[in-house]
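Peer 1: Next comes model06.cif, mmCIF, C-alpha atoms:
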data_model
#
loop_
_atom_site.label_atom_id
_atom_site.label_comp_id
_atom_site.auth_asym_id
_atom_site.auth_seq_id
_atom_site.Cartn_x
_atom_site.Cartn_y
_atom_site.Cartn_z
CA MET A 1 -5.68 -9.46 24.30
CA THR A 2 -5.20 -5.68 24.55
CA ALA A 3 -2.16 -3.95 23.12
CA LEU A 4 -0.04 -1.73 25.34
CA ARG A 5 -0.12 2.00 24.74
CA MET A 6 2.67 4.56 24.55
CA ARG A 7 2.27 8.30 24.89
CA ALA A 8 4.18 10.62 22.57
CA ARG A 9 5.67 12.41 25.57
CA ASP A 10 7.23 9.15 26.72
CA PHE A 11 9.91 9.58 24.05
CA LEU A 12 9.53 13.12 22.64
CA THR A 13 9.99 16.51 24.25
CA GLU A 14 7.22 19.06 23.81
CA ASP A 15 9.29 21.00 21.24
CA GLU A 16 10.06 17.81 19.29
CA LEU A 17 6.41 16.82 19.26
CA VAL A 18 5.32 20.23 17.99
CA ALA A 19 7.95 20.08 15.24
CA VAL A 20 7.23 16.57 13.95
CA ARG A 21 3.46 16.98 13.87
CA GLN A 22 3.69 20.17 11.79
CA ARG A 23 1.68 19.71 8.56
CA THR A 24 2.84 21.89 5.67
CA THR A 25 0.68 22.02 2.55
CA TRP A 26 3.53 22.72 0.14
CA LYS A 27 5.46 19.66 1.35
CA GLY A 28 2.48 17.37 0.87
CA ALA A 29 1.81 18.87 -2.56
CA ALA A 30 5.49 18.57 -3.48
CA LEU A 31 5.44 14.82 -2.82
CA ILE A 32 2.37 14.47 -5.06
CA VAL A 33 4.10 16.48 -7.80
CA HIS A 34 7.17 14.28 -7.39
CA ALA A 35 5.08 11.11 -7.87
CA TRP A 36 3.40 12.43 -11.01
CA ALA A 37 6.68 13.79 -12.40
CA LEU A 38 8.23 10.33 -12.17
CA ILE A 39 5.15 8.76 -13.76
CA LEU A 40 5.14 11.19 -16.68
CA GLY A 41 8.91 10.98 -16.99
CA ALA A 42 8.74 7.18 -17.26
CA ILE A 43 6.06 7.49 -19.95
CA ALA A 44 8.21 10.02 -21.83
CA LEU A 45 11.19 7.67 -21.63
CA VAL A 46 9.27 4.86 -23.36
CA ALA A 47 7.81 7.24 -25.95
CA TRP A 48 11.29 8.59 -26.73
CA TRP A 49 13.17 5.28 -26.58
CA PRO A 50 10.75 2.37 -26.95
CA ASN A 51 12.27 -1.03 -26.22
CA PRO A 52 11.61 -3.88 -23.76
CA LEU A 53 14.13 -2.64 -21.19
CA THR A 54 12.77 0.91 -20.98
CA TYR A 55 9.24 -0.49 -20.88
CA LEU A 56 9.98 -2.81 -17.95
CA LEU A 57 11.82 -0.02 -16.15
CA ALA A 58 8.86 2.30 -16.68
CA VAL A 59 6.38 -0.30 -15.39
CA ALA A 60 8.45 -0.70 -12.21
CA ILE A 61 8.81 3.05 -11.67
CA ILE A 62 5.15 3.81 -12.40
CA GLY A 63 3.93 0.91 -10.26
CA SER A 64 6.03 2.16 -7.36
CA ARG A 65 4.64 5.69 -7.79
CA GLN A 66 1.10 4.30 -7.91
CA LEU A 67 1.86 2.78 -4.53
CA GLY A 68 3.32 6.17 -3.67
CA LEU A 69 -0.02 7.80 -4.50
CA ALA A 70 -1.70 5.24 -2.23
CA ILE A 71 0.75 6.15 0.54
CA LEU A 72 0.02 9.85 0.08
CA MET A 73 -3.72 9.09 0.06
CA HIS A 74 -3.06 7.31 3.36
CA ASP A 75 -1.39 10.47 4.68
CA GLY A 76 -4.49 12.36 3.59
CA ALA A 77 -6.68 9.89 5.48
CA HIS A 78 -4.73 10.91 8.58
CA GLY A 79 -5.12 14.60 7.74
CA CYS A 80 -1.40 14.98 7.09
CA LEU A 81 -1.22 16.46 3.57
CA SER A 82 -2.42 19.85 4.78
CA ALA A 83 -3.53 21.47 8.02
CA ASN A 84 -6.63 22.63 6.14
CA GLU A 85 -9.01 19.67 5.88
CA LYS A 86 -10.64 20.82 2.63
CA THR A 87 -7.23 21.15 0.98
CA ASN A 88 -6.08 17.90 2.54
CA LEU A 89 -9.10 16.00 1.22
CA ALA A 90 -8.92 17.57 -2.24
CA LEU A 91 -5.24 16.67 -2.63
CA SER A 92 -5.80 13.18 -1.30
CA GLN A 93 -8.87 12.41 -3.39
CA TRP A 94 -8.26 13.95 -6.80
CA PHE A 95 -4.50 13.59 -7.14
CA CYS A 96 -3.85 10.39 -5.15
CA ALA A 97 -6.90 8.19 -4.54
CA TYR A 98 -9.13 8.58 -7.59
CA PRO A 99 -6.41 7.90 -10.20
CA ILE A 100 -5.75 4.48 -8.62
CA PHE A 101 -9.49 3.74 -8.15
CA ALA A 102 -9.40 4.35 -4.38
CA GLU A 103 -11.36 6.69 -2.07
CA THR A 104 -9.98 8.51 0.97
CA ARG A 105 -13.01 8.82 3.25
CA GLY A 106 -14.05 5.18 3.06
CA TYR A 107 -10.45 4.13 3.55
CA ARG A 108 -10.17 6.44 6.59
CA ARG A 109 -13.13 4.82 8.35
CA TYR A 110 -11.66 1.37 7.84
CA HIS A 111 -8.03 2.25 8.50
CA LEU A 112 -8.49 3.98 11.85
CA GLN A 113 -9.84 0.70 13.23
CA HIS A 114 -6.52 -0.89 12.32
CA HIS A 115 -4.66 1.75 14.31
CA ALA A 116 -6.93 1.34 17.31
CA ARG A 117 -6.66 -2.48 17.37
CA THR A 118 -3.27 -3.23 15.81
CA GLN A 119 -2.54 -6.97 15.64
CA GLN A 120 -5.48 -7.81 17.91
CA GLU A 121 -8.28 -10.26 17.10
CA ASP A 122 -10.53 -7.48 15.78
CA ASP A 123 -7.86 -5.70 13.71
CA PRO A 124 -9.40 -5.49 10.20
CA ASP A 125 -5.89 -5.85 8.70
CA LEU A 126 -5.01 -8.96 10.68
CA VAL A 127 -5.82 -11.07 7.60
CA LEU A 128 -2.76 -9.54 5.94
CA SER A 129 -0.29 -10.67 8.60
CA ALA A 130 -1.84 -13.69 10.33
CA PRO A 131 -0.93 -16.32 7.66
CA PHE A 132 2.80 -15.71 8.05
CA PRO A 133 5.31 -17.28 8.08
CA ILE A 134 4.59 -19.19 4.91
CA THR A 135 6.74 -21.41 2.73
CA LYS A 136 8.93 -20.06 -0.05
CA MET A 137 6.81 -22.07 -2.50
CA SER A 138 3.66 -20.37 -1.25
CA TYR A 139 5.24 -16.94 -1.68
CA ARG A 140 6.35 -17.82 -5.21
CA ARG A 141 2.73 -18.64 -6.07
CA LYS A 142 1.60 -15.30 -4.64
CA PHE A 143 4.34 -13.45 -6.51
CA LEU A 144 3.36 -15.09 -9.80
CA ARG A 145 -0.30 -14.19 -9.29
CA ASP A 146 0.70 -10.61 -8.50
CA ILE A 147 3.19 -10.06 -11.34
CA THR A 148 0.91 -11.66 -13.95
CA GLY A 149 -2.01 -9.43 -13.00
CA GLN A 150 -4.24 -12.13 -11.53
CA THR A 151 -4.42 -10.50 -8.09
CA GLY A 152 -5.06 -7.07 -9.55
CA TYR A 153 -7.72 -8.41 -11.89
CA GLN A 154 -9.56 -10.16 -9.07
CA GLN A 155 -9.48 -7.04 -6.92
CA ARG A 156 -10.75 -4.77 -9.71
CA LYS A 157 -13.41 -7.29 -10.70
CA ALA A 158 -14.70 -7.42 -7.11
CA GLN A 159 -14.62 -3.62 -6.94
CA LEU A 160 -16.56 -3.28 -10.20
CA LEU A 161 -19.21 -5.85 -9.23
CA ASN A 162 -19.66 -4.09 -5.89
CA ALA A 163 -20.15 -0.78 -7.70
CA ILE A 164 -22.63 -2.22 -10.21
CA GLY A 165 -24.75 -3.66 -7.41
CA PRO A 166 -27.14 -6.63 -7.36
CA LYS A 167 -29.05 -7.49 -10.55
CA GLU A 168 -32.38 -7.17 -8.77
CA TRP A 169 -31.81 -3.47 -8.12
CA PRO A 170 -33.54 -1.06 -10.57
CA LEU A 171 -31.27 0.56 -13.13
CA SER A 172 -31.49 3.99 -11.47
CA GLN A 173 -30.36 2.57 -8.14
CA ARG A 174 -27.49 0.67 -9.75
CA ALA A 175 -26.38 3.80 -11.63
CA ALA A 176 -26.46 5.85 -8.41
CA ASN A 177 -24.51 3.18 -6.57
CA PHE A 178 -21.93 3.01 -9.37
CA TRP A 179 -21.43 6.77 -9.29
CA GLN A 180 -21.05 6.75 -5.52
CA LYS A 181 -18.54 3.89 -5.57
CA LEU A 182 -16.55 4.56 -8.74
CA GLY A 183 -17.85 7.70 -10.46
CA PRO A 184 -15.04 10.17 -9.59
CA GLN A 185 -12.45 7.45 -10.16
CA CYS A 186 -13.74 6.83 -13.69
CA VAL A 187 -13.86 10.58 -14.42
CA THR A 188 -10.28 11.02 -13.23
CA ASN A 189 -9.05 8.11 -15.32
CA ALA A 190 -10.94 9.38 -18.35
CA LEU A 191 -9.18 12.73 -17.94
CA LEU A 192 -5.85 10.93 -17.62
CA PHE A 193 -6.54 8.98 -20.82
CA ALA A 194 -7.64 12.16 -22.62
CA GLY A 195 -4.48 13.98 -21.55
CA LEU A 196 -2.25 11.17 -22.78
CA ALA A 197 -4.19 10.94 -26.02
CA ALA A 198 -3.85 14.70 -26.54
CA ALA A 199 -0.09 14.28 -26.07
CA GLY A 200 -0.09 11.61 -28.80
CA VAL A 201 0.58 8.68 -26.47
CA TRP A 202 -2.90 7.23 -25.92
CA TRP A 203 -1.33 3.75 -25.69
CA ALA A 204 0.40 4.78 -22.46
CA TYR A 205 -2.87 4.52 -20.54
CA PRO A 206 -3.39 0.76 -21.01
CA LEU A 207 0.31 -0.17 -21.25
CA LEU A 208 1.88 2.23 -18.75
CA TRP A 209 -0.95 2.98 -16.35
CA LEU A 210 -3.21 -0.07 -16.13
CA VAL A 211 -0.46 -2.69 -16.53
CA PRO A 212 1.66 -1.34 -13.62
CA LEU A 213 -1.50 -0.92 -11.53
CA LEU A 214 -2.40 -4.59 -12.04
CA THR A 215 1.11 -6.02 -11.77
CA TRP A 216 4.06 -4.32 -10.10
CA MET A 217 1.91 -2.33 -7.70
CA MET A 218 0.36 -5.61 -6.53
CA VAL A 219 3.81 -7.16 -6.00
CA ILE A 220 5.13 -4.32 -3.85
CA THR A 221 1.83 -3.80 -2.03
CA ARG A 222 2.10 -7.38 -0.81
CA ILE A 223 5.74 -6.86 0.19
CA ARG A 224 4.77 -3.71 2.04
CA ASN A 225 1.96 -5.52 3.85
CA ILE A 226 4.36 -8.29 4.89
CA ALA A 227 7.00 -5.86 6.09
CA GLU A 228 4.64 -3.83 8.25
CA HIS A 229 3.10 -6.48 10.51
CA ALA A 230 3.93 -10.05 9.47
CA VAL A 231 5.96 -12.23 11.87
CA VAL A 232 6.41 -9.43 14.41
CA PRO A 233 7.84 -10.41 17.82
CA ASP A 234 5.03 -9.26 20.14
CA SER A 235 1.48 -8.40 19.08
CA ALA A 236 0.82 -6.53 22.35
CA ASP A 237 3.90 -4.27 22.34
CA PRO A 238 3.60 -1.08 20.21
CA LEU A 239 7.35 -1.16 19.62
CA ARG A 240 7.26 -4.77 18.44
CA ASN A 241 3.84 -5.35 16.82
CA THR A 242 4.77 -3.06 13.92
CA ARG A 243 7.99 -2.95 11.95
CA THR A 244 10.29 -0.36 10.49
CA THR A 245 12.37 -1.61 7.56
CA ARG A 246 15.52 0.16 6.47
CA ALA A 247 15.36 0.97 2.75
CA ASN A 248 18.26 1.75 0.43
CA ILE A 249 17.94 4.04 -2.59
CA LEU A 250 16.79 1.27 -4.95
CA GLU A 251 14.20 0.02 -2.46
CA ARG A 252 12.89 3.57 -2.06
CA LEU A 253 12.66 3.91 -5.84
CA PHE A 254 11.01 0.59 -6.67
CA ILE A 255 9.41 -0.79 -3.47
CA ALA A 256 8.99 1.67 -0.59
CA PRO A 257 8.35 5.27 -1.66
CA TYR A 258 7.59 8.26 0.56
CA TYR A 259 8.85 6.92 3.89
CA VAL A 260 6.38 4.04 4.03
CA ASN A 261 9.14 1.90 5.54
CA TYR A 262 8.91 3.87 8.82
CA HIS A 263 5.78 2.04 9.87
CA LEU A 264 6.58 1.62 13.55
CA GLU A 265 6.99 5.40 13.88
CA HIS A 266 3.76 5.94 11.98
CA HIS A 267 1.82 3.72 14.37
CA LEU A 268 3.21 5.48 17.40
CA LEU A 269 2.37 8.92 15.97
CA PHE A 270 -0.21 8.47 13.23
CA TYR A 271 -0.82 12.22 12.98
CA VAL A 272 2.78 12.91 11.88
CA PRO A 273 3.25 13.58 8.14
CA CYS A 274 5.28 10.94 6.34
CA TYR A 275 8.17 13.33 5.61
CA ASN A 276 8.74 13.79 9.38
CA LEU A 277 8.89 10.07 10.18
CA PRO A 278 12.68 9.79 9.61
CA ARG A 279 13.15 12.41 12.34
CA VAL A 280 10.93 10.44 14.70
CA HIS A 281 13.02 7.36 13.91
CA ARG A 282 16.25 9.17 14.78
CA ILE A 283 14.79 10.36 18.09
CA LEU A 284 13.57 6.88 18.98
CA SER A 285 16.88 5.30 17.95
CA GLY A 286 18.66 7.52 20.46
CA SER A 287 16.21 6.83 23.27
CA ARG A 288 15.98 4.15 25.94
CA TYR A 289 13.47 2.34 23.69
CA ALA A 290 15.94 1.71 20.87
CA ASP A 291 16.69 -1.90 21.80
CA ARG A 292 12.99 -2.82 21.90
CA MET A 293 12.16 -1.49 18.47
CA GLU A 294 11.39 -4.03 15.72
CA VAL A 295 13.67 -2.87 12.91
CA GLN A 296 14.91 -4.99 10.00
CA PRO A 297 17.88 -4.13 7.76
CA GLY A 298 15.98 -4.42 4.47
CA TYR A 299 13.08 -5.97 2.59
CA ALA A 300 15.07 -9.09 1.69
CA ALA A 301 15.55 -9.75 5.41
CA VAL A 302 11.81 -9.35 6.04
CA LEU A 303 10.94 -11.74 3.23
CA ARG A 304 13.33 -14.31 4.66
CA LEU A 305 11.50 -14.12 7.99
CA ALA A 306 8.09 -14.28 6.31
CA THR A 307 9.00 -17.33 4.18
CA ALA A 308 10.77 -19.31 6.89
CA LYS A 309 8.13 -22.05 7.14
CA PRO A 310 9.62 -25.33 5.85
CA ASN A 311 8.16 -26.80 2.68
CA ARG A 312 6.23 -30.00 3.33
CA GLU A 313 7.55 -33.11 1.70
CA ASP A 314 5.61 -34.07 -1.41
CA ARG A 315 3.55 -37.22 -1.11
CA PRO A 316 2.07 -39.09 -4.08
CA GLY A 317 -1.63 -39.44 -4.55
CA GLN A 318 -4.75 -37.56 -5.55
CA LEU A 319 -5.40 -36.22 -2.05
CA VAL A 320 -2.20 -34.17 -2.18
CA ASN A 321 -3.12 -32.72 -5.57
CA SER A 322 -6.60 -31.86 -4.30
CA ALA A 323 -5.13 -30.19 -1.25
CA ARG A 324 -2.86 -28.11 -3.45
CA ARG A 325 -5.76 -26.99 -5.59
CA ALA A 326 -7.81 -26.10 -2.52
CA ARG A 327 -4.90 -24.16 -1.03
CA ALA A 328 -4.37 -22.26 -4.26
CA GLY A 329 -8.05 -21.35 -4.32
CA ALA A 330 -7.90 -20.15 -0.74
CA GLU A 331 -4.87 -18.00 -1.54
CA VAL A 332 -6.71 -16.36 -4.44
CA ASN A 333 -9.59 -15.51 -2.10
CA ALA A 334 -7.16 -14.06 0.42
CA ASP A 335 -5.58 -11.98 -2.35
CA GLN A 336 -8.95 -10.43 -3.15
CA ASN A 337 -9.24 -9.27 0.47
CA ALA A 338 -5.66 -8.04 0.78
CA GLY A 339 -5.64 -4.86 -1.23
CA GLY A 340 -3.27 -2.92 0.99
CA PHE A 341 -3.92 0.84 0.87
#
Once you've parsed the file, please lay out its structure as structure tokens.
Peer 2:
Amino acid sequence: MTALRMRARDFLTEDELVAVRQRTTWKGAALIVHAWALILGAIALVAWWPNPLTYLLAVAIIGSRQLGLAILMHDGAHGCLSANEKTNLALSQWFCAYPIFAETRGYRRYHLQHHARTQQEDDPDLVLSAPFPITKMSYRRKFLRDITGQTGYQQRKAQLLNAIGPKEWPLSQRAANFWQKLGPQCVTNALLFAGLAAAGVWWAYPLLWLVPLLTWMMVITRIRNIAEHAVVPDSADPLRNTRTTRANILERLFIAPYYVNYHLEHHLLFYVPCYNLPRVHRILSGSRYADRMEVQPGYAAVLRLATAKPNREDRPGQLVNSARRARAGAEVNADQNAGGF
């Protein structure tokens, strides 16, 4: 199957297209500053008023901003943080990707295939949407693995083993491979730890950087993956094989930062910076295409669609228990391949 194509000029005037594709360095940098300001502010809140409630609030805020850094890295992969590619790559790598153990250029090579083949058999991200709808019980298992750090641990373990390389490689080759795969990421995180230690809050690195990265970020990355392409109405229609999800202020704070909810608009115009996607949405909503657009009123509505598969009735016997164990194992393997950004 081949997806239909839409041209930007089918729904935008020339002046509108010029305006929405404008990439402004200070706007991209301002979003990065905003993400880090919230992260540091959440750390300061716990340092100033340490208790379980402020800690949980900080984990949720920092995890959402870690996803925010991934989203801004994604903008950098599309060349949208700055019109100057050197500036764009520097912002994307050092301030967005490396702190969360990601890498912009490798992600770009992979991600552009997703845009070219969205929801088709050779879409590399199809594994993220194809299993849906699932049962509510299945989603609960996924949520528990995410929030307890199991998904994040498995992903980081796989990433580390890939960087270390096979045992049969000589030490020099393994060291070179590690530096290529994870060197700048480790340097950036070492600098982050050193900065926190110098500020007298060294404990914030494990408790308020690594914990959110392994827990809440995994939860909302999965929700984001579901919202973007799971249970869409038509895999061949560019207005219906990708979804925009309306997000209220709390959803933008804790689940969907930096306009990531405007995913349909992003797929139609992947060279538009994230901060211009709301304008594209308004233009589309007033066009003749409005009724065809796949738009959901919120993330709760999307999750209801994605978990609409009925639970099977339990049957006694060892075969059922074995099947459950096998299914749980398969879900863990899928989690390792579903890293999102």
Peer 1: Pick out the closest residue to Cys80 of chain A from this set: A:Trp48, A:Tyr275, A:Trp179, A:Tyr289. Count all atoms listed in the file.
Peer 2: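 Looking at the shortest contact to Cys80 of chain A, the residue is A:Tyr275.
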Peer 1: With a cut-off of 7 Å, could you pull out the residues of segment 108-210 of chain A touching segment 83-100 of chain A and give me the nearest pair of atoms for each, distance in Å to one decimal, using all atoms listed in the file, ordered by chain and ascending number, as CSV?
Peer 2:
residue,atom,partner,partner_atom,distance
A:Pro184,CA,A:Tyr98,CA,6.4
A:Gln185,CA,A:Tyr98,CA,4.3
A:Thr188,CA,A:Pro99,CA,5.8
A:Asn189,CA,A:Pro99,CA,5.8
Peer 1: Let me know the residues the PyMOL selection byres ((chain A and resi 310) around 6) catches in the file above, as an MDAnalysis selection string.
Peer 2: chainID A and resid 135 309 311
Peer 1: Please write as a CSV table (one decimal) with C-alpha atoms, in the frame of the given file the full residue list that the PyMOL selection byres ((chain A and resi 216-233) around 8) yields on this file.
Peer 2:
chain,number,residue,atom,x,y,z
A,59,VAL,CA,6.4,-0.3,-15.4
A,60,ALA,CA,8.4,-0.7,-12.2
A,63,GLY,CA,3.9,0.9,-10.3
A,64,SER,CA,6.0,2.2,-7.4
A,66,GLN,CA,1.1,4.3,-7.9
A,67,LEU,CA,1.9,2.8,-4.5
A,119,GLN,CA,-2.5,-7.0,15.6
A,128,LEU,CA,-2.8,-9.5,5.9
A,129,SER,CA,-0.3,-10.7,8.6
A,130,ALA,CA,-1.8,-13.7,10.3
A,132,PHE,CA,2.8,-15.7,8.0
A,133,PRO,CA,5.3,-17.3,8.1
A,143,PHE,CA,4.3,-13.4,-6.5
A,146,ASP,CA,0.7,-10.6,-8.5
A,147,ILE,CA,3.2,-10.1,-11.3
A,149,GLY,CA,-2.0,-9.4,-13.0
A,151,THR,CA,-4.4,-10.5,-8.1
A,152,GLY,CA,-5.1,-7.1,-9.6
A,212,PRO,CA,1.7,-1.3,-13.6
A,213,LEU,CA,-1.5,-0.9,-11.5
A,214,LEU,CA,-2.4,-4.6,-12.0
A,215,THR,CA,1.1,-6.0,-11.8
A,234,ASP,CA,5.0,-9.3,20.1
A,235,SER,CA,1.5,-8.4,19.1
A,240,ARG,CA,7.3,-4.8,18.4
A,241,ASN,CA,3.8,-5.4,16.8
A,242,THR,CA,4.8,-3.1,13.9
A,243,ARG,CA,8.0,-3.0,12.0
A,244,THR,CA,10.3,-0.4,10.5
A,245,THR,CA,12.4,-1.6,7.6
A,255,ILE,CA,9.4,-0.8,-3.5
A,256,ALA,CA,9.0,1.7,-0.6
A,261,ASN,CA,9.1,1.9,5.5
A,263,HIS,CA,5.8,2.0,9.9
A,264,LEU,CA,6.6,1.6,13.6
A,294,GLU,CA,11.4,-4.0,15.7
A,299,TYR,CA,13.1,-6.0,2.6
A,302,VAL,CA,11.8,-9.4,6.0
A,303,LEU,CA,10.9,-11.7,3.2
A,305,LEU,CA,11.5,-14.1,8.0
A,306,ALA,CA,8.1,-14.3,6.3
A,338,ALA,CA,-5.7,-8.0,0.8
A,339,GLY,CA,-5.6,-4.9,-1.2
A,340,GLY,CA,-3.3,-2.9,1.0
A,341,PHE,CA,-3.9,0.8,0.9
Peer 1: Separation of atom CA of Tyr153 of chain A and atom CA of Ala44 of chain A, in Å?
Peer 2: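 Separation of atom CA of Tyr153 of chain A and atom CA of Ala44 of chain A: 26.3 Å.
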Peer 1: With distances taken over all atoms listed in the file, which of A:Ala163, A:Leu196, A:Ala116, A:Ala37 is nearest to Arg5 of chain A?
Peer 2: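 The shortest atom-to-atom distance to Arg5 of chain A comes from A:Ala116.
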Peer 1: Work out how far apart atom CA of Phe254 of chain A and atom CA of Gly41 of chain A are and give it in Å to one decimal.
Peer 2: 14.8 Å
Peer 1: Which residue gives the smallest distance to Ala102 of chain A among A:Ala197, A:Leu284, A:Leu72, A:Leu171, with all atoms listed in the file counted?
Peer 2: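 So, comparing all the options, the nearest one is A:Leu72.
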Peer 1: Quick check, in Å to one decimal: how far apart do atom CA of Arg109 of chain A and atom CA of Gly79 of chain A lie?
Peer 2: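 These atoms are spaced 12.7 Å apart.
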Peer 1: Spell out the residues picked by the PyMOL selection byres ((chain A and resi 17-24) around 12) here, as an NGL selection string.
Peer 2: :A and (7-16 or 25-31 or 75-76 or 78-85 or 87-88 or 265-266 or 268-283)
Peer 1: Taking 2 positions as the minimum chain separation for residues in the same chain, which residues sit within 12 Å of segment 198-204 of chain A when counting all atoms listed in the file? Answer as a PyMOL selection string.
Peer 2: chain A and resi 39-48+50+55+58-59+62+190-196+206-212
